[in-house]
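**Q** Got a structure for you, query-v9.txt, holding compact mmCIF, C-alpha atoms.
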```txt
# COMPACT_ATOMS: atom_id res chain seq x y z
CA MET A 1 0.00 0.00 0.00
CA LYS A 2 2.81 2.41 0.80
CA ASP A 3 4.42 1.79 -2.60
CA LYS A 4 1.17 2.62 -4.41
CA LYS A 5 0.84 5.92 -2.56
CA LYS A 6 4.40 6.91 -3.45
CA ARG A 7 3.80 6.10 -7.11
CA SER A 8 0.63 8.13 -7.14
CA ARG A 9 2.46 11.13 -5.66
CA GLN A 10 5.27 10.85 -8.19
CA GLN A 11 2.81 10.73 -11.06
CA ASN A 12 1.07 13.90 -9.86
CA PRO A 13 2.09 16.64 -12.35
CA GLU A 14 1.74 19.35 -9.67
CA PRO A 15 3.25 17.86 -6.55
CA PHE A 16 3.74 21.20 -4.76
CA PHE A 17 -0.01 21.81 -4.41
CA GLY A 18 -0.64 18.51 -2.66
CA GLU A 19 -4.01 17.32 -1.46
CA ASP A 20 -5.36 20.82 -0.98
CA ARG A 21 -5.12 21.37 -4.71
CA ASP A 22 -7.15 18.26 -5.39
CA ALA A 23 -9.79 19.25 -2.84
CA ASN A 24 -10.12 22.73 -4.31
CA SER A 25 -10.40 21.35 -7.83
CA VAL A 26 -13.21 19.06 -6.75
CA LYS A 27 -15.05 21.97 -5.18
CA LYS A 28 -14.61 24.06 -8.31
CA ARG A 29 -15.88 21.31 -10.54
CA SER A 30 -18.97 20.94 -8.40
CA LYS A 31 -20.00 24.51 -9.35
CA ALA A 32 -21.11 25.12 -12.89
CA PRO A 33 -19.29 28.07 -14.51
CA LYS A 34 -21.40 31.10 -15.23
CA ARG A 35 -22.14 32.26 -18.73
CA HIS A 36 -20.13 35.50 -18.63
CA GLN A 37 -17.14 33.64 -17.15
CA GLU A 38 -17.13 31.25 -20.11
CA GLN A 39 -17.10 34.22 -22.49
CA GLU A 40 -14.16 35.81 -20.65
CA ARG A 41 -12.17 32.60 -20.95
CA MET A 42 -12.91 32.33 -24.64
CA ILE A 43 -11.52 35.87 -25.46
CA SER A 44 -7.75 35.73 -25.75
CA SER A 45 -5.29 38.60 -25.43
CA ASP A 46 -4.86 38.80 -29.22
CA MET A 47 -8.58 39.10 -29.72
CA SER A 48 -8.92 41.85 -27.08
CA SER A 49 -6.15 43.90 -28.72
CA LYS A 50 -7.93 43.61 -32.08
CA ILE A 51 -11.17 44.80 -30.50
CA LEU A 52 -9.42 47.84 -28.99
CA LYS A 53 -7.80 48.74 -32.31
CA GLU A 54 -11.14 48.50 -34.07
CA ALA A 55 -12.78 50.72 -31.44
CA MET A 56 -10.05 53.33 -31.84
CA LEU A 57 -10.48 53.34 -35.62
CA GLN A 58 -14.21 53.86 -35.27
CA GLN A 59 -13.67 56.70 -32.82
CA LYS A 60 -11.22 58.33 -35.20
CA GLU A 61 -13.71 58.11 -38.04
CA ILE A 62 -16.34 59.81 -35.89
CA GLN A 63 -13.94 62.65 -35.10
CA VAL A 64 -13.12 63.09 -38.79
CA GLU A 65 -16.82 63.31 -39.63
CA GLU A 66 -17.36 65.93 -36.94
CA GLU A 67 -14.44 68.01 -38.23
CA GLU A 68 -15.83 67.83 -41.77
CA ARG A 69 -19.19 69.07 -40.57
CA ASN A 70 -17.57 72.03 -38.77
CA PRO A 71 -16.50 74.68 -41.31
CA MET A 72 -14.37 76.50 -38.72
CA ASN A 73 -11.87 73.67 -38.44
CA ASN A 74 -11.71 73.29 -42.25
CA ALA A 75 -10.96 76.97 -42.70
CA PHE A 76 -8.30 76.84 -40.04
CA LEU A 77 -6.61 73.78 -41.49
CA GLU A 78 -6.38 75.54 -44.83
CA ALA A 79 -5.03 78.72 -43.21
CA ASP A 80 -2.31 77.25 -40.99
CA GLN A 81 -0.73 73.85 -41.68
CA GLU A 82 2.85 74.61 -40.66
CA VAL A 83 2.45 73.97 -36.91
CA ALA A 84 4.31 70.90 -35.63
CA ARG A 85 2.31 67.90 -34.39
CA HIS A 86 4.43 67.26 -31.33
CA GLN A 87 3.76 70.80 -30.08
CA GLN A 88 0.04 70.24 -30.50
CA GLN A 89 0.27 66.95 -28.58
CA GLU A 90 2.02 68.68 -25.67
CA LEU A 91 -0.73 71.28 -25.56
CA ASP A 92 -3.42 68.62 -25.64
CA ASP A 93 -1.88 66.81 -22.70
CA ASP A 94 -1.54 70.01 -20.70
CA VAL A 95 -4.75 71.85 -21.49
CA ASP A 96 -7.47 69.49 -22.62
CA ASP A 97 -8.12 67.96 -19.18
CA PHE A 98 -9.37 71.27 -17.77
CA ALA A 99 -12.31 70.70 -15.43
CA GLY A 100 -13.18 74.37 -14.93
CA PHE A 101 -13.35 76.67 -11.93
CA SER A 102 -16.33 77.61 -9.86
CA ASP A 103 -17.74 81.10 -10.37
CA THR A 104 -18.21 81.48 -6.61
CA GLN A 105 -14.66 80.45 -5.76
CA THR A 106 -12.34 83.34 -4.90
CA GLN A 107 -8.77 83.79 -3.77
CA ILE A 108 -7.12 85.72 -0.91
CA GLY A 109 -10.28 85.31 1.15
CA ASP A 110 -12.05 88.39 2.44
CA TYR A 111 -10.56 91.85 2.15
CA ASP A 112 -11.95 93.19 5.39
CA GLU A 113 -8.43 93.14 6.87
CA ILE A 114 -7.32 96.04 4.64
CA ASP A 115 -7.22 99.17 6.75
CA GLU A 116 -9.38 101.90 5.24
CA ASN A 117 -7.30 104.66 6.83
CA GLU A 118 -4.13 103.20 5.38
CA GLU A 119 -5.79 102.88 1.99
CA LYS A 120 -6.82 106.56 2.06
CA LEU A 121 -3.28 107.55 3.05
CA LEU A 122 -1.87 105.63 0.10
CA GLU A 123 -4.25 107.41 -2.26
CA ALA A 124 -2.33 110.63 -1.57
CA PHE A 125 0.63 109.11 -3.43
CA LEU A 126 -1.40 108.11 -6.52
CA SER A 127 -0.78 110.00 -9.72
CA LYS A 128 -3.58 112.39 -10.59
CA ASP A 129 -2.55 112.83 -14.23
CA ALA A 130 -2.28 109.13 -15.09
CA GLY A 131 -4.08 108.23 -18.28
CA PRO A 132 -6.05 105.04 -18.99
CA GLN A 133 -4.09 101.84 -19.37
CA GLN A 134 -3.39 100.67 -22.91
CA THR A 135 -5.13 97.52 -24.11
CA LEU A 136 -4.87 95.35 -27.19
CA ALA A 137 -7.87 97.13 -28.70
CA ASP A 138 -6.12 100.50 -28.31
CA LEU A 139 -3.03 99.13 -30.02
CA ILE A 140 -5.03 97.81 -33.00
CA ILE A 141 -6.95 101.09 -33.29
CA GLU A 142 -3.63 102.91 -33.57
CA LYS A 143 -2.69 100.58 -36.41
CA ILE A 144 -6.01 101.30 -38.10
CA LYS A 145 -5.44 105.05 -37.91
CA LYS A 146 -1.96 104.70 -39.35
CA GLN A 147 -3.04 102.49 -42.26
CA ASP A 148 -6.34 104.14 -43.02
CA ALA A 149 -6.91 107.82 -42.34
CA ASN A 150 -10.66 107.32 -42.10
CA GLY A 151 -10.52 104.07 -40.10
CA SER A 152 -13.84 102.93 -41.54
CA SER A 153 -13.16 99.24 -42.05
CA GLU A 154 -11.64 96.79 -39.65
CA ILE A 155 -10.68 94.35 -42.40
CA GLN A 156 -8.66 97.09 -44.13
CA ALA A 157 -6.39 97.16 -41.07
CA LEU A 158 -5.76 93.43 -41.56
CA PRO A 159 -5.04 93.12 -45.28
CA LYS A 160 -2.91 89.99 -44.93
CA LEU A 161 -5.72 87.89 -43.40
CA ASP A 162 -8.32 86.12 -45.50
CA GLU A 163 -11.97 86.89 -44.95
CA SER A 164 -12.60 83.25 -44.08
CA LEU A 165 -9.97 83.48 -41.35
CA VAL A 166 -11.51 86.71 -40.04
CA GLU A 167 -14.93 85.07 -39.82
CA LEU A 168 -13.39 82.02 -38.19
CA TYR A 169 -11.80 83.92 -35.33
CA ARG A 170 -14.79 86.17 -34.83
CA GLY A 171 -16.87 83.06 -34.32
CA LEU A 172 -14.17 81.72 -32.01
CA GLY A 173 -14.45 84.88 -29.92
CA GLU A 174 -18.16 84.21 -29.37
CA PHE A 175 -17.27 80.70 -28.22
CA LEU A 176 -14.62 81.98 -25.79
CA SER A 177 -17.07 84.44 -24.26
CA LYS A 178 -19.21 81.48 -23.13
CA TYR A 179 -16.42 78.97 -22.44
CA THR A 180 -16.50 77.13 -19.09
CA ILE A 181 -14.83 73.69 -19.31
CA GLY A 182 -13.55 71.24 -21.88
CA LYS A 183 -11.14 71.31 -24.79
CA MET A 184 -10.00 74.53 -26.35
CA PRO A 185 -10.52 74.80 -30.14
CA LYS A 186 -7.53 73.91 -32.27
CA ALA A 187 -7.76 77.27 -34.03
CA PHE A 188 -6.98 79.03 -30.76
CA LYS A 189 -4.05 76.76 -29.90
CA HIS A 190 -2.27 77.71 -33.10
CA ILE A 191 -2.39 81.48 -32.55
CA PRO A 192 1.12 81.58 -30.95
CA ALA A 193 2.62 80.18 -34.17
CA MET A 194 1.08 82.88 -36.38
CA LYS A 195 3.03 85.89 -37.58
CA PHE A 196 0.16 88.35 -37.05
CA TRP A 197 -0.95 86.88 -33.74
CA GLU A 198 -1.93 90.25 -32.26
CA ASP A 199 -4.31 91.01 -35.12
CA VAL A 200 -5.82 87.53 -34.95
CA LEU A 201 -6.17 87.75 -31.18
CA TYR A 202 -7.93 91.09 -31.52
CA LEU A 203 -10.60 89.45 -33.70
CA THR A 204 -11.58 87.20 -30.77
CA LYS A 205 -12.28 90.26 -28.53
CA PRO A 206 -10.28 89.27 -25.40
CA GLU A 207 -12.16 91.77 -23.25
CA ASN A 208 -15.26 89.55 -23.59
CA TRP A 209 -13.58 86.23 -22.77
CA SER A 210 -14.88 84.26 -19.82
CA PRO A 211 -12.52 83.96 -16.81
CA ASN A 212 -11.91 80.28 -17.55
CA ALA A 213 -11.03 81.10 -21.17
CA MET A 214 -8.55 83.72 -19.95
CA TYR A 215 -6.92 81.10 -17.74
CA GLN A 216 -6.63 78.64 -20.62
CA ALA A 217 -5.24 81.35 -22.90
CA THR A 218 -2.60 82.27 -20.33
CA ARG A 219 -1.56 78.64 -20.03
CA ILE A 220 -1.19 78.28 -23.78
CA PHE A 221 0.59 81.57 -24.43
CA SER A 222 2.93 81.46 -21.42
CA SER A 223 4.25 78.05 -22.49
CA ASN A 224 4.53 78.78 -26.23
CA PHE A 225 5.43 82.46 -26.44
CA GLY A 226 8.87 83.91 -26.00
CA ALA A 227 9.54 86.48 -23.30
CA LYS A 228 8.77 89.50 -25.52
CA LYS A 229 5.51 88.15 -26.94
CA ALA A 230 4.37 86.93 -23.53
CA GLU A 231 5.12 90.38 -22.12
CA ARG A 232 2.82 92.00 -24.70
CA PHE A 233 0.03 89.53 -23.98
CA TYR A 234 0.32 90.13 -20.23
CA LYS A 235 0.43 93.90 -20.60
CA LEU A 236 -2.29 94.35 -23.24
CA VAL A 237 -4.72 91.54 -22.37
CA LEU A 238 -4.20 89.94 -18.95
CA LEU A 239 -3.39 92.98 -16.78
CA PRO A 240 -6.32 95.18 -17.96
CA ARG A 241 -8.73 92.27 -17.42
CA ILE A 242 -7.42 91.65 -13.88
CA ARG A 243 -7.64 95.30 -12.89
CA ASP A 244 -11.16 95.65 -14.29
CA ASP A 245 -12.33 92.55 -12.40
CA ILE A 246 -10.88 93.82 -9.10
CA LYS A 247 -12.40 97.25 -9.63
CA GLN A 248 -15.81 95.82 -10.43
CA HIS A 249 -16.10 93.04 -7.81
CA LYS A 250 -13.64 94.24 -5.10
CA LYS A 251 -11.97 90.83 -5.43
CA LEU A 252 -10.46 88.69 -8.16
CA HIS A 253 -12.13 85.71 -9.80
CA PHE A 254 -10.36 82.48 -8.90
CA SER A 255 -9.63 81.49 -12.49
CA LEU A 256 -8.15 84.95 -13.17
CA TYR A 257 -6.02 84.56 -10.05
CA GLN A 258 -4.78 81.21 -11.37
CA ALA A 259 -4.05 82.86 -14.71
CA LEU A 260 -2.00 85.50 -12.93
CA LYS A 261 -0.15 82.76 -11.09
CA LYS A 262 0.49 80.89 -14.35
CA SER A 263 1.96 84.04 -15.91
CA LEU A 264 4.98 83.75 -13.59
CA TYR A 265 6.04 80.82 -15.76
CA LYS A 266 7.93 83.58 -17.61
CA PRO A 267 9.39 85.74 -14.76
CA ALA A 268 10.89 88.38 -17.06
CA ALA A 269 7.61 88.76 -18.94
CA PHE A 270 5.71 88.95 -15.63
CA ASN A 271 7.92 91.78 -14.37
CA LYS A 272 7.81 93.77 -17.62
CA GLY A 273 4.19 92.99 -18.50
CA ILE A 274 2.41 93.10 -15.13
CA LEU A 275 4.51 94.33 -12.18
CA PHE A 276 6.24 97.33 -13.78
CA PRO A 277 3.22 98.64 -15.75
CA LEU A 278 1.09 98.30 -12.62
CA CYS A 279 3.49 100.44 -10.60
CA LYS A 280 4.21 102.89 -13.44
CA SER A 281 0.50 103.54 -13.95
CA GLY A 282 0.42 105.56 -10.74
CA THR A 283 -3.10 104.28 -10.01
CA CYS A 284 -2.36 100.94 -8.31
CA ASN A 285 -4.42 100.83 -5.12
CA LEU A 286 -3.81 98.72 -2.03
CA ARG A 287 -6.31 96.03 -3.02
CA GLU A 288 -4.58 95.40 -6.34
CA ALA A 289 -1.18 95.38 -4.65
CA VAL A 290 -2.27 92.77 -2.10
CA ILE A 291 -3.64 90.42 -4.77
CA VAL A 292 -0.72 90.69 -7.18
CA GLY A 293 1.73 90.69 -4.27
CA SER A 294 0.35 87.40 -2.99
CA ILE A 295 1.52 85.82 -6.25
CA VAL A 296 5.00 87.26 -5.75
CA GLN A 297 5.00 86.00 -2.18
CA LYS A 298 3.86 82.45 -2.93
CA VAL A 299 5.69 81.62 -6.15
CA SER A 300 9.45 81.12 -6.23
CA ILE A 301 11.18 83.71 -8.45
CA PRO A 302 14.80 83.33 -9.61
CA MET A 303 17.29 85.56 -7.79
CA LEU A 304 18.37 87.38 -10.94
CA HIS A 305 14.82 88.38 -11.88
CA SER A 306 14.07 89.49 -8.30
CA SER A 307 17.22 91.63 -8.25
CA VAL A 308 16.25 93.33 -11.52
CA ALA A 309 12.71 93.89 -10.22
CA LEU A 310 14.03 95.53 -7.04
CA LEU A 311 16.41 97.73 -9.01
CA LYS A 312 13.66 98.94 -11.36
CA LEU A 313 11.14 99.52 -8.57
CA ALA A 314 13.70 101.51 -6.56
CA GLU A 315 14.48 103.78 -9.52
CA MET A 316 10.82 104.18 -10.50
CA GLU A 317 8.68 107.18 -9.64
CA TYR A 318 7.22 106.42 -6.23
CA CYS A 319 3.68 105.23 -5.75
CA GLY A 320 2.37 104.25 -2.33
CA THR A 321 1.94 100.59 -3.17
CA THR A 322 5.46 100.34 -4.62
CA SER A 323 6.73 99.96 -1.06
CA TYR A 324 4.58 96.87 -0.68
CA PHE A 325 6.22 95.11 -3.64
CA ILE A 326 9.68 96.20 -2.46
CA LYS A 327 8.96 94.72 0.96
CA LEU A 328 7.82 91.39 -0.53
CA LEU A 329 10.94 91.07 -2.68
CA LEU A 330 13.22 91.99 0.23
CA GLU A 331 11.62 89.33 2.43
CA LYS A 332 12.64 86.63 -0.03
CA LYS A 333 16.13 87.01 1.51
CA TYR A 334 18.16 86.81 -1.69
CA ALA A 335 21.88 87.63 -1.75
CA LEU A 336 21.51 90.90 -3.64
CA PRO A 337 24.34 92.56 -5.56
CA TYR A 338 25.78 95.74 -4.02
CA ARG A 339 24.37 97.75 -6.91
CA VAL A 340 20.83 96.75 -5.93
CA VAL A 341 21.48 97.44 -2.23
CA ASP A 342 22.79 100.92 -3.03
CA ALA A 343 19.78 101.58 -5.28
CA VAL A 344 17.39 100.69 -2.45
CA VAL A 345 19.27 103.03 -0.09
CA ALA A 346 19.00 105.82 -2.65
CA HIS A 347 15.29 105.06 -3.02
CA PHE A 348 14.60 105.67 0.66
CA MET A 349 16.87 108.73 0.85
CA ARG A 350 14.67 110.49 -1.72
CA PHE A 351 12.12 111.07 1.07
CA ILE A 352 14.44 112.81 3.52
CA ASN A 353 12.96 116.23 2.69
CA ASP A 354 9.43 115.01 1.90
CA THR A 355 6.83 116.83 3.98
CA ARG A 356 4.11 114.23 3.43
CA ILE A 357 3.28 111.68 6.12
CA MET A 358 4.70 108.40 4.89
CA PRO A 359 2.39 105.38 5.13
CA VAL A 360 3.10 102.49 7.47
CA ILE A 361 4.03 100.21 4.58
CA TRP A 362 6.91 102.59 3.75
CA HIS A 363 8.33 102.24 7.26
CA GLN A 364 7.82 98.48 7.18
CA SER A 365 9.68 98.14 3.89
CA LEU A 366 12.59 100.16 5.33
CA LEU A 367 12.63 97.93 8.40
CA ALA A 368 12.63 94.79 6.22
CA PHE A 369 15.56 96.19 4.23
CA VAL A 370 17.61 97.00 7.33
CA GLN A 371 16.88 93.63 8.94
CA ARG A 372 17.99 91.61 5.91
CA TYR A 373 20.91 93.70 4.61
CA LYS A 374 22.22 95.71 7.58
CA ASN A 375 25.67 94.06 7.32
CA GLU A 376 25.90 94.96 3.60
CA LEU A 377 25.48 98.70 4.18
CA GLN A 378 28.33 101.19 4.16
CA LYS A 379 29.08 103.40 7.15
CA ASP A 380 27.90 106.53 5.33
CA ASP A 381 24.65 104.79 4.31
CA LYS A 382 23.88 103.98 7.95
CA TYR A 383 24.50 107.59 8.93
CA ASP A 384 22.16 108.78 6.18
CA LEU A 385 19.44 106.30 7.20
CA ARG A 386 19.64 107.47 10.82
CA THR A 387 19.18 111.04 9.60
CA LEU A 388 16.22 109.88 7.49
CA VAL A 389 14.35 108.14 10.33
CA ALA A 390 14.93 111.19 12.50
CA LYS A 391 12.71 113.14 10.10
CA GLN A 392 10.37 110.35 8.98
CA LYS A 393 9.32 108.80 12.29
CA HIS A 394 6.96 106.06 13.34
CA LYS A 395 6.49 105.37 17.02
CA LEU A 396 6.70 101.57 16.67
CA VAL A 397 8.86 100.94 13.61
CA THR A 398 11.55 103.64 13.95
CA PRO A 399 13.06 102.27 17.24
CA GLU A 400 13.41 98.84 15.60
CA ILE A 401 15.20 100.36 12.60
CA LEU A 402 17.68 102.17 14.88
CA ARG A 403 18.29 99.02 16.91
CA GLU A 404 19.12 97.04 13.75
CA LEU A 405 21.51 99.74 12.53
CA ASP A 406 23.31 99.94 15.87
CA ASN A 407 23.80 96.16 16.15
CA SER A 408 25.43 95.57 12.80
CA ARG A 409 28.82 95.70 11.09
CA ASN A 410 29.71 97.73 8.03
CA ARG A 411 30.21 96.40 4.52
CA GLY A 412 33.52 94.59 4.14
CA GLU A 413 34.13 94.25 7.89
CA LYS A 414 34.40 90.91 9.63
CA ASP A 415 33.28 89.84 13.07
CA ASP A 416 35.89 90.29 15.80
CA PRO A 417 36.73 86.76 16.98
CA MET A 418 37.75 88.08 20.44
CA SER A 419 34.61 90.10 21.00
CA ILE A 420 32.28 89.15 23.81
CA THR A 421 29.28 88.87 21.53
CA SER A 422 31.00 86.45 19.18
CA PRO A 423 30.22 82.78 19.89
CA LEU A 424 33.71 81.82 18.65
CA SER A 425 35.38 83.66 21.53
CA VAL A 426 34.00 81.14 24.01
CA ILE A 427 35.54 78.26 22.09
CA ASN A 428 38.91 79.73 21.10
CA LYS A 429 39.78 81.58 24.33
CA ALA A 430 42.62 79.84 26.18
CA ILE A 431 41.93 78.61 29.69
CA GLU A 432 44.22 80.34 32.19
CA GLU A 433 45.28 78.31 35.25
CA ASP A 434 47.34 79.21 38.32
CA ARG A 435 49.43 76.23 39.36
CA PHE A 436 49.95 77.68 42.82
CA ASP A 437 46.24 78.18 43.43
CA ILE A 438 45.25 74.55 44.00
CA PRO A 439 42.08 73.83 45.95
CA GLU A 440 42.37 71.72 49.06
CA VAL A 441 41.48 68.08 48.66
CA PRO A 442 40.19 66.27 51.75
CA MET A 443 42.30 63.21 52.56
CA GLU A 444 41.16 60.14 54.44
CA GLU A 445 42.71 59.54 57.83
CA ASP A 446 44.99 56.55 58.25
```
Could you spell out this file's structure in structure tokens?

**A**
Amino acid sequence: MKDKKKRSRQQNPEPFFGEDRDANSVKKRSKAPKRHQEQERMISSDMSSKILKEAMLQQKEIQVEEEERNPMNNAFLEADQEVARHQQQELDDDVDDFAGFSDTQTQIGDYDEIDENEEKLLEAFLSKDAGPQQTLADLIIEKIKKQDANGSSEIQALPKLDESLVELYRGLGEFLSKYTIGKMPKAFKHIPAMKFWEDVLYLTKPENWSPNAMYQATRIFSSNFGAKKAERFYKLVLLPRIRDDIKQHKKLHFSLYQALKKSLYKPAAFNKGILFPLCKSGTCNLREAVIVGSIVQKVSIPMLHSSVALLKLAEMEYCGTTSYFIKLLLEKKYALPYRVVDAVVAHFMRFINDTRIMPVIWHQSLLAFVQRYKNELQKDDKYDLRTLVAKQKHKLVTPEILRELDNSRNRGEKDDPMSITSPLSVINKAIEEDRFDIPEVPMEED
């Protein structure tokens, strides 16, 4: 009997499963397989791949039929066929999965924390003679006046565009004014590759775009434009729309805030297209500064671009909210070149004979500068700053500024290693001992 059992085990093709395998197989055989399970077993991997390929071909045919029915796509394909396919694929992967933003969603929370008295004080520094900000429409109108003295026809200002293309992008503008979620039209994605992109963009009427469409446009243009073209889009399209939305609703739509955040993808274009024009306008109020400044505060900006921004803001004609942007850039704690440090000192020294009451944000920006770069200041600069705060005083901030100036070294000087305040003096100071002054040691009696 033992020999028969051994032979039966040796003949078992799956000896590692043992008796449990046999018991499980008996249980499985006792249950009749269901109908859908039999169908799953019958379909092989080769068959499933064929089915997927066939489904993809059918889906492609449906898309081709839809494109043929839509005259806008046909006109566009005839107008612009030089755009690379790999660039289009990158845009599709980045943009087409947009799920939209809520109209009730806002950024920066409530603005009740903004002090009304401080806001009124800052208004005294706003420019009274500042003209309206330039938009893309103003730029195109100037072109119309140059090309046609009467300016009667819009198409005359765009002689190099076909009428079919003009109708295409006018219809696209109506679509963008109602856009919420979903894919952006291919005609819009190819605008960055066009030579006359400003004229084509003007046909879509950017001032009427929905906030979500503005966000999508910023994503497309910031990733495909160079620094100069992106700067023009930010300055002529994005910035006027943001300022109008803040002025109208006292807050910024969330999708417009995200568009502003996306514009920092090109830091140089952001500085030249949004930050500098906003400060040069002379009409930037505290609410606009807080919203735009929150982008500067949250997003990491390269040191070189921050240094250039500080240098330009320091040399610019002063507006009350300029101090807010200077303070935000100083608090990033970059190692600034001496040229930038000297420019910031000269910026503050311009107010030594100013009879106006400086706002609190001005004193706070000076305090932030002294705290971060007090050891990079020259001796004469510190003397000048002490003279400045003696005339421009604040009961809480001025004592802190003086304390920082007093407890600092001058530019080029090093810490004294033997000074009491230096932590190295405790480690490097030699221990002095008197060999004749030995304490008594109690000895045990014999």

**Q** Could you tell me how far CA of Arg339 (chain A) sits from CA of Lys391 (chain A), in Å to one decimal place?

**A**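 If I compute the distance from CA of Lys391 (chain A) to CA of Arg339 (chain A), I get 25.7 Å.
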
**Q** Using all atoms listed in the file, which residues sit within 10 Å of region 313-329 of chain A once same-chain residues fewer than 4 positions away are excluded, as a PDB file with C-alpha atoms, in the frame of the given file?

**A**
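After the write, part_6.pdb holds the following:
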```pdb
ATOM      1  CA  GLU A 119      -5.790 102.880   1.990  1.00  0.00           C
ATOM      2  CA  LEU A 121      -3.280 107.550   3.050  1.00  0.00           C
ATOM      3  CA  LEU A 122      -1.870 105.630   0.100  1.00  0.00           C
ATOM      4  CA  GLU A 123      -4.250 107.410  -2.260  1.00  0.00           C
ATOM      5  CA  ALA A 124      -2.330 110.630  -1.570  1.00  0.00           C
ATOM      6  CA  PHE A 125       0.630 109.110  -3.430  1.00  0.00           C
ATOM      7  CA  LEU A 126      -1.400 108.110  -6.520  1.00  0.00           C
ATOM      8  CA  SER A 127      -0.780 110.000  -9.720  1.00  0.00           C
ATOM      9  CA  LEU A 275       4.510  94.330 -12.180  1.00  0.00           C
ATOM     10  CA  PHE A 276       6.240  97.330 -13.780  1.00  0.00           C
ATOM     11  CA  LEU A 278       1.090  98.300 -12.620  1.00  0.00           C
ATOM     12  CA  CYS A 279       3.490 100.440 -10.600  1.00  0.00           C
ATOM     13  CA  LYS A 280       4.210 102.890 -13.440  1.00  0.00           C
ATOM     14  CA  SER A 281       0.500 103.540 -13.950  1.00  0.00           C
ATOM     15  CA  GLY A 282       0.420 105.560 -10.740  1.00  0.00           C
ATOM     16  CA  THR A 283      -3.100 104.280 -10.010  1.00  0.00           C
ATOM     17  CA  CYS A 284      -2.360 100.940  -8.310  1.00  0.00           C
ATOM     18  CA  ASN A 285      -4.420 100.830  -5.120  1.00  0.00           C
ATOM     19  CA  LEU A 286      -3.810  98.720  -2.030  1.00  0.00           C
ATOM     20  CA  ARG A 287      -6.310  96.030  -3.020  1.00  0.00           C
ATOM     21  CA  GLU A 288      -4.580  95.400  -6.340  1.00  0.00           C
ATOM     22  CA  ALA A 289      -1.180  95.380  -4.650  1.00  0.00           C
ATOM     23  CA  VAL A 290      -2.270  92.770  -2.100  1.00  0.00           C
ATOM     24  CA  VAL A 292      -0.720  90.690  -7.180  1.00  0.00           C
ATOM     25  CA  GLY A 293       1.730  90.690  -4.270  1.00  0.00           C
ATOM     26  CA  SER A 294       0.350  87.400  -2.990  1.00  0.00           C
ATOM     27  CA  VAL A 296       5.000  87.260  -5.750  1.00  0.00           C
ATOM     28  CA  GLN A 297       5.000  86.000  -2.180  1.00  0.00           C
ATOM     29  CA  ILE A 301      11.180  83.710  -8.450  1.00  0.00           C
ATOM     30  CA  MET A 303      17.290  85.560  -7.790  1.00  0.00           C
ATOM     31  CA  SER A 306      14.070  89.490  -8.300  1.00  0.00           C
ATOM     32  CA  SER A 307      17.220  91.630  -8.250  1.00  0.00           C
ATOM     33  CA  VAL A 308      16.250  93.330 -11.520  1.00  0.00           C
ATOM     34  CA  ALA A 309      12.710  93.890 -10.220  1.00  0.00           C
ATOM     35  CA  LYS A 333      16.130  87.010   1.510  1.00  0.00           C
ATOM     36  CA  TYR A 334      18.160  86.810  -1.690  1.00  0.00           C
ATOM     37  CA  VAL A 340      20.830  96.750  -5.930  1.00  0.00           C
ATOM     38  CA  VAL A 341      21.480  97.440  -2.230  1.00  0.00           C
ATOM     39  CA  ASP A 342      22.790 100.920  -3.030  1.00  0.00           C
ATOM     40  CA  ALA A 343      19.780 101.580  -5.280  1.00  0.00           C
ATOM     41  CA  VAL A 344      17.390 100.690  -2.450  1.00  0.00           C
ATOM     42  CA  VAL A 345      19.270 103.030  -0.090  1.00  0.00           C
ATOM     43  CA  ALA A 346      19.000 105.820  -2.650  1.00  0.00           C
ATOM     44  CA  HIS A 347      15.290 105.060  -3.020  1.00  0.00           C
ATOM     45  CA  PHE A 348      14.600 105.670   0.660  1.00  0.00           C
ATOM     46  CA  ARG A 350      14.670 110.490  -1.720  1.00  0.00           C
ATOM     47  CA  PHE A 351      12.120 111.070   1.070  1.00  0.00           C
ATOM     48  CA  MET A 358       4.700 108.400   4.890  1.00  0.00           C
ATOM     49  CA  PRO A 359       2.390 105.380   5.130  1.00  0.00           C
ATOM     50  CA  VAL A 360       3.100 102.490   7.470  1.00  0.00           C
ATOM     51  CA  ILE A 361       4.030 100.210   4.580  1.00  0.00           C
ATOM     52  CA  TRP A 362       6.910 102.590   3.750  1.00  0.00           C
ATOM     53  CA  HIS A 363       8.330 102.240   7.260  1.00  0.00           C
ATOM     54  CA  GLN A 364       7.820  98.480   7.180  1.00  0.00           C
ATOM     55  CA  SER A 365       9.680  98.140   3.890  1.00  0.00           C
ATOM     56  CA  LEU A 366      12.590 100.160   5.330  1.00  0.00           C
ATOM     57  CA  LEU A 367      12.630  97.930   8.400  1.00  0.00           C
ATOM     58  CA  ALA A 368      12.630  94.790   6.220  1.00  0.00           C
ATOM     59  CA  PHE A 369      15.560  96.190   4.230  1.00  0.00           C
TER      60      PHE A 369
END
```

**Q** Which value, in Å to one decimal, gives the distance between CA of Leu52 (chain A) and CA of Pro185 (chain A)?

**A**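 Going from CA of Leu52 (chain A) over to CA of Pro185 (chain A) covers 27.0 Å.
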
**Q** Neighbouring residues of region 221-238 of chain A were defined as those with any atom within 7 Å, considering only C-alpha atoms; residues of the same chain fewer than 3 positions away were excluded. Please report them as number ranges by chain.

**A** A: 134-136, 192, 206, 217-218, 241-242, 263, 265-266, 268-270, 272-274
